[in-house]
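Visitor: Got a structure here, written out as structure tokens. Questions coming.
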Amino acid sequence: REAPARQRAPRLERVASAGARVPQEIADRVARARRGLVVCGPRLGAATGDVRLRRALARFVGERGFSLLAEVTSGVAHGAECAEWVLPAFEAWLPRACDEGDAPDLIIELGSPPTSGAWERLAPELAGIPRVVVAEAGLPDPTSTATDLVTANPAELFEALDPRGPSDSAWCQRLLSRARQAELLLSEALAGATLSEPFVAKSVVEALADGDALM
């Protein structure tokens with residue numbers, strides 16, 4: 001599959017105290033999408049959470065009907081603002097979902113790519129899907145598959161995005177069902193119902209005393 005032409009979107013234009021204006025090509029992509037997926041990876045200084053970003057994301061995905069994936073490293077998983085919107089354990093179910101016809105038609109990626117190996121392996125397969133990377137600085141696109149790169153504060157961008165537009169609610173529900181099933185299986189594995197890598201890792205960590213180092 002031929003990768004999309006890579007272009008750099010203009011920096012968000014600031015307008016007085018109203019925040020930021022979204023580049024028109026990004027606004028158009030978002031307006032057309034029916035299966036939008038917001039993916040939150042590591043962001044510098046965001047490990048302890050970003051309340052403003054969480055509020056902006058919760059408002060946008062809730063009103064727009066997009067799905068939300070967030071690693072702990074993004075800070076989005078902290079706090080209650082996005083608790084009902086973040087789909088858990090995406091490493092376990094997203095590749096299969098895409099293989100079975102449930103791929104998104106737009107990806108908005110915040111910060112660096114997720115550290116998940118599953119996401120890294122999946123990125124080339126999603127090369128034909130528009131992917132907008134939003135970052136305050138740098139070029140966080142190691143696979144060179146992004147179609148747009150926006151230099152902006154993610155919270156400002158999502159505060160400025162128009163949440164109106166078509167959405168595929170059945171697709172969102174299918175992703176939610178996959179996520180809940182994966183989370184249940186992971187919980188069972190951690191509980192030790194069967195001997196598994198997650199259970200072994202959890203047991204080893206719990207056995208460490210204060211000051212112990214795991215080599």
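Numbering starts fresh at 1 for the residues of each chain in the structure tokens, the chains themselves are lettered A, B, ... in the order given, and ligands are numbered from 1 as they appear.
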Can you pull out the residues contacting range 176-184 of chain A? Cut-off 7 Å, using only C-alpha atoms, and skip same-chain residues under 2 positions away; I want them as a list of chain:residue names.
Guide: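 Those residues are A:Leu87, A:Pro88, A:Ala89, A:Phe90, A:Ala92, A:Trp93, A:Cys172, A:Gln173, A:Arg174, A:Leu186, A:Ser187, A:Glu188.
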Visitor: Write out as a PDB file with C-alpha atoms, in the first residue's frame which residues come within 10 Å of range 70-75 of chain A when counting only C-alpha atoms, dropping same-chain ones fewer than 4 positions away.
Guide:
ATOM      1  CA  VAL A  38      -7.748  10.061  19.062  1.00  0.00           C
ATOM      2  CA  VAL A  39      -4.505   8.429  20.242  1.00  0.00           C
ATOM      3  CA  CYS A  40      -2.547   9.878  23.172  1.00  0.00           C
ATOM      4  CA  GLY A  41       1.104   8.947  23.575  1.00  0.00           C
ATOM      5  CA  PRO A  42       3.897  10.343  25.778  1.00  0.00           C
ATOM      6  CA  ARG A  43       4.115  14.120  26.117  1.00  0.00           C
ATOM      7  CA  LEU A  44       6.906  16.061  27.781  1.00  0.00           C
ATOM      8  CA  GLY A  45       5.784  17.149  31.247  1.00  0.00           C
ATOM      9  CA  ALA A  46       2.435  15.355  30.994  1.00  0.00           C
ATOM     10  CA  ALA A  47       3.141  12.285  33.156  1.00  0.00           C
ATOM     11  CA  THR A  48       1.252  13.745  36.108  1.00  0.00           C
ATOM     12  CA  GLY A  49      -1.698  14.749  33.966  1.00  0.00           C
ATOM     13  CA  ASP A  50      -3.048  17.780  32.184  1.00  0.00           C
ATOM     14  CA  VAL A  51      -6.478  18.779  33.466  1.00  0.00           C
ATOM     15  CA  LEU A  53      -6.334  18.680  27.991  1.00  0.00           C
ATOM     16  CA  ARG A  54      -8.463  16.016  29.662  1.00  0.00           C
ATOM     17  CA  GLY A  79      -8.224  11.962  36.684  1.00  0.00           C
ATOM     18  CA  CYS A  82     -11.793  11.077  30.460  1.00  0.00           C
ATOM     19  CA  TRP A  85     -14.126   7.721  27.190  1.00  0.00           C
ATOM     20  CA  VAL A  86     -10.696   6.018  27.279  1.00  0.00           C
ATOM     21  CA  LEU A  87     -10.811   2.532  25.735  1.00  0.00           C
ATOM     22  CA  PRO A  88      -8.489   0.269  27.778  1.00  0.00           C
ATOM     23  CA  ALA A  89      -5.969  -2.370  26.711  1.00  0.00           C
ATOM     24  CA  PHE A  90      -5.939  -1.253  23.064  1.00  0.00           C
ATOM     25  CA  GLU A 109      -2.205  11.445  17.476  1.00  0.00           C
ATOM     26  CA  LEU A 110      -1.137  13.631  20.393  1.00  0.00           C
ATOM     27  CA  GLY A 111       2.539  13.865  21.334  1.00  0.00           C
ATOM     28  CA  SER A 112       4.916  11.034  20.561  1.00  0.00           C
ATOM     29  CA  PRO A 113       3.579   7.679  19.327  1.00  0.00           C
ATOM     30  CA  PRO A 114       2.403   5.260  22.045  1.00  0.00           C
ATOM     31  CA  THR A 115       5.220   3.114  23.397  1.00  0.00           C
ATOM     32  CA  SER A 116       3.158  -0.012  22.737  1.00  0.00           C
TER      33      SER A 116
END
Visitor: If you measure from CA of Val132 in chain A to CA of Ala56 in chain A, what distance in Å do you get, rounded to one decimal?
Guide: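 If I compute the distance from CA of Val132 in chain A to CA of Ala56 in chain A, I get 17.2 Å.
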Visitor: With distances taken over only C-alpha atoms, which residue among A:Pro124, A:Pro95, A:Gly165, A:Gly65 lies nearest Thr143 in chain A?
Guide: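 Comparing A:Pro124, A:Pro95, A:Gly165, A:Gly65 against Thr143 in chain A, the winner is A:Pro124.
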Visitor: Determine which residues of range 69-205 of chain A receive a DSSP assignment of strand (DSSP E or B), computed from the backbone, and state them as an NGL selection string.
Guide: :A and (69-70 or 86 or 106-110 or 131-135 or 148-151)
Visitor: So the first atom is CA of Ile26 in chain A and the second is CA of Asp102 in chain A; what is the distance between them in Å, to one decimal place?
Guide: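 If I compute the distance from CA of Ile26 in chain A to CA of Asp102 in chain A, I get 22.6 Å.
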Visitor: Per DSSP on the backbone, filter range 11-187 of chain A down to the residues in alpha helix (DSSP H) and report them as an NGL selection string.
Guide: :A and (24-32 or 51-64 or 90-99 or 117-122 or 154-160 or 169-187)
Visitor: State, in Å with one decimal place, the distance from CA of Arg21 in chain A to CA of Glu156 in chain A.
Guide: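 Distance between the two atoms: 8.9 Å.
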Visitor: Go through A:Ile108, A:Ala103, A:Ala33, A:Leu149 and flag the residue nearest Leu68 in chain A, using only C-alpha atoms for the distances.
Guide: A:Ile108
Visitor: For Asp28 in chain A, list every protein, DNA or RNA residue within 12 Å, evaluated using only C-alpha atoms, and leave out those in the same chain fewer than 5 positions away; present the list as a list in words.
Guide: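 After dropping sequence-adjacent residues, the list is Val22, Pro23, Ala33, Leu106, Pro130, Val132, Leu161, Asp162, Pro163, Arg164 and Gly165 of chain A.
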Visitor: Would you mind exporting the chosen residues as an mmCIF file, in the first residue's frame, restricted to all heavy atoms?
Guide:
data_model
loop_
_atom_site.group_PDB
_atom_site.id
_atom_site.type_symbol
_atom_site.label_atom_id
_atom_site.label_comp_id
_atom_site.auth_asym_id
_atom_site.auth_seq_id
_atom_site.Cartn_x
_atom_site.Cartn_y
_atom_site.Cartn_z
ATOM 1 N N VAL A 22 -8.060 26.685 14.195
ATOM 2 C CA VAL A 22 -7.612 25.409 13.636
ATOM 3 C C VAL A 22 -7.294 25.580 12.152
ATOM 4 O O VAL A 22 -8.079 26.186 11.416
ATOM 5 C CB VAL A 22 -8.708 24.336 13.807
ATOM 6 C CG1 VAL A 22 -8.245 23.003 13.226
ATOM 7 C CG2 VAL A 22 -9.075 24.182 15.271
ATOM 8 N N PRO A 23 -6.152 25.082 11.682
ATOM 9 C CA PRO A 23 -5.851 25.133 10.241
ATOM 10 C C PRO A 23 -7.007 24.516 9.443
ATOM 11 O O PRO A 23 -7.542 23.478 9.826
ATOM 12 C CB PRO A 23 -4.574 24.292 10.122
ATOM 13 C CG PRO A 23 -3.926 24.414 11.462
ATOM 14 C CD PRO A 23 -5.055 24.458 12.444
ATOM 15 N N ALA A 33 -14.713 13.023 8.932
ATOM 16 C CA ALA A 33 -14.494 11.705 9.545
ATOM 17 C C ALA A 33 -15.755 11.166 10.213
ATOM 18 O O ALA A 33 -16.487 11.892 10.883
ATOM 19 C CB ALA A 33 -13.364 11.793 10.559
ATOM 20 N N LEU A 106 -9.861 8.260 10.393
ATOM 21 C CA LEU A 106 -9.009 9.393 10.740
ATOM 22 C C LEU A 106 -8.364 9.118 12.088
ATOM 23 O O LEU A 106 -9.032 8.642 13.017
ATOM 24 C CB LEU A 106 -9.813 10.693 10.836
ATOM 25 C CG LEU A 106 -9.045 11.920 11.364
ATOM 26 C CD1 LEU A 106 -7.975 12.346 10.358
ATOM 27 C CD2 LEU A 106 -9.985 13.083 11.663
ATOM 28 N N PRO A 130 -5.696 8.901 6.892
ATOM 29 C CA PRO A 130 -5.169 10.204 7.319
ATOM 30 C C PRO A 130 -4.800 10.187 8.801
ATOM 31 O O PRO A 130 -5.587 9.750 9.634
ATOM 32 C CB PRO A 130 -6.339 11.157 7.047
ATOM 33 C CG PRO A 130 -7.120 10.496 5.969
ATOM 34 C CD PRO A 130 -7.004 9.019 6.232
ATOM 35 N N VAL A 132 -3.192 12.738 11.691
ATOM 36 C CA VAL A 132 -2.771 14.082 12.082
ATOM 37 C C VAL A 132 -1.991 13.989 13.389
ATOM 38 O O VAL A 132 -2.520 13.522 14.396
ATOM 39 C CB VAL A 132 -3.986 15.008 12.266
ATOM 40 C CG1 VAL A 132 -3.535 16.397 12.716
ATOM 41 C CG2 VAL A 132 -4.804 15.085 10.982
ATOM 42 N N LEU A 161 -11.495 22.890 18.105
ATOM 43 C CA LEU A 161 -12.115 22.033 17.092
ATOM 44 C C LEU A 161 -13.636 22.041 17.213
ATOM 45 O O LEU A 161 -14.187 21.982 18.310
ATOM 46 C CB LEU A 161 -11.603 20.600 17.222
ATOM 47 C CG LEU A 161 -10.259 20.274 16.579
ATOM 48 C CD1 LEU A 161 -9.814 18.873 16.969
ATOM 49 C CD2 LEU A 161 -10.349 20.390 15.055
ATOM 50 N N ASP A 162 -14.302 22.063 16.077
ATOM 51 C CA ASP A 162 -15.759 22.012 16.035
ATOM 52 C C ASP A 162 -16.203 20.564 16.275
ATOM 53 O O ASP A 162 -15.831 19.667 15.506
ATOM 54 C CB ASP A 162 -16.252 22.500 14.670
ATOM 55 C CG ASP A 162 -17.757 22.648 14.601
ATOM 56 O OD1 ASP A 162 -18.464 22.142 15.497
ATOM 57 O OD2 ASP A 162 -18.244 23.263 13.633
ATOM 58 N N PRO A 163 -16.988 20.290 17.307
ATOM 59 C CA PRO A 163 -17.398 18.916 17.603
ATOM 60 C C PRO A 163 -18.578 18.418 16.777
ATOM 61 O O PRO A 163 -19.039 17.293 16.967
ATOM 62 C CB PRO A 163 -17.777 18.982 19.091
ATOM 63 C CG PRO A 163 -18.311 20.367 19.249
ATOM 64 C CD PRO A 163 -17.464 21.231 18.345
ATOM 65 N N ARG A 164 -19.055 19.225 15.837
ATOM 66 C CA ARG A 164 -20.184 18.811 15.011
ATOM 67 C C ARG A 164 -19.699 18.003 13.810
ATOM 68 O O ARG A 164 -18.635 18.263 13.259
ATOM 69 C CB ARG A 164 -20.969 20.025 14.540
ATOM 70 C CG ARG A 164 -21.656 20.793 15.654
ATOM 71 C CD ARG A 164 -22.235 22.099 15.142
ATOM 72 N NE ARG A 164 -21.192 22.997 14.631
ATOM 73 C CZ ARG A 164 -21.449 24.200 14.132
ATOM 74 N NH1 ARG A 164 -22.696 24.642 14.050
ATOM 75 N NH2 ARG A 164 -20.442 24.957 13.706
ATOM 76 N N GLY A 165 -20.510 17.014 13.408
ATOM 77 C CA GLY A 165 -20.153 16.212 12.252
ATOM 78 C C GLY A 165 -20.714 14.813 12.363
ATOM 79 O O GLY A 165 -21.217 14.409 13.413
#
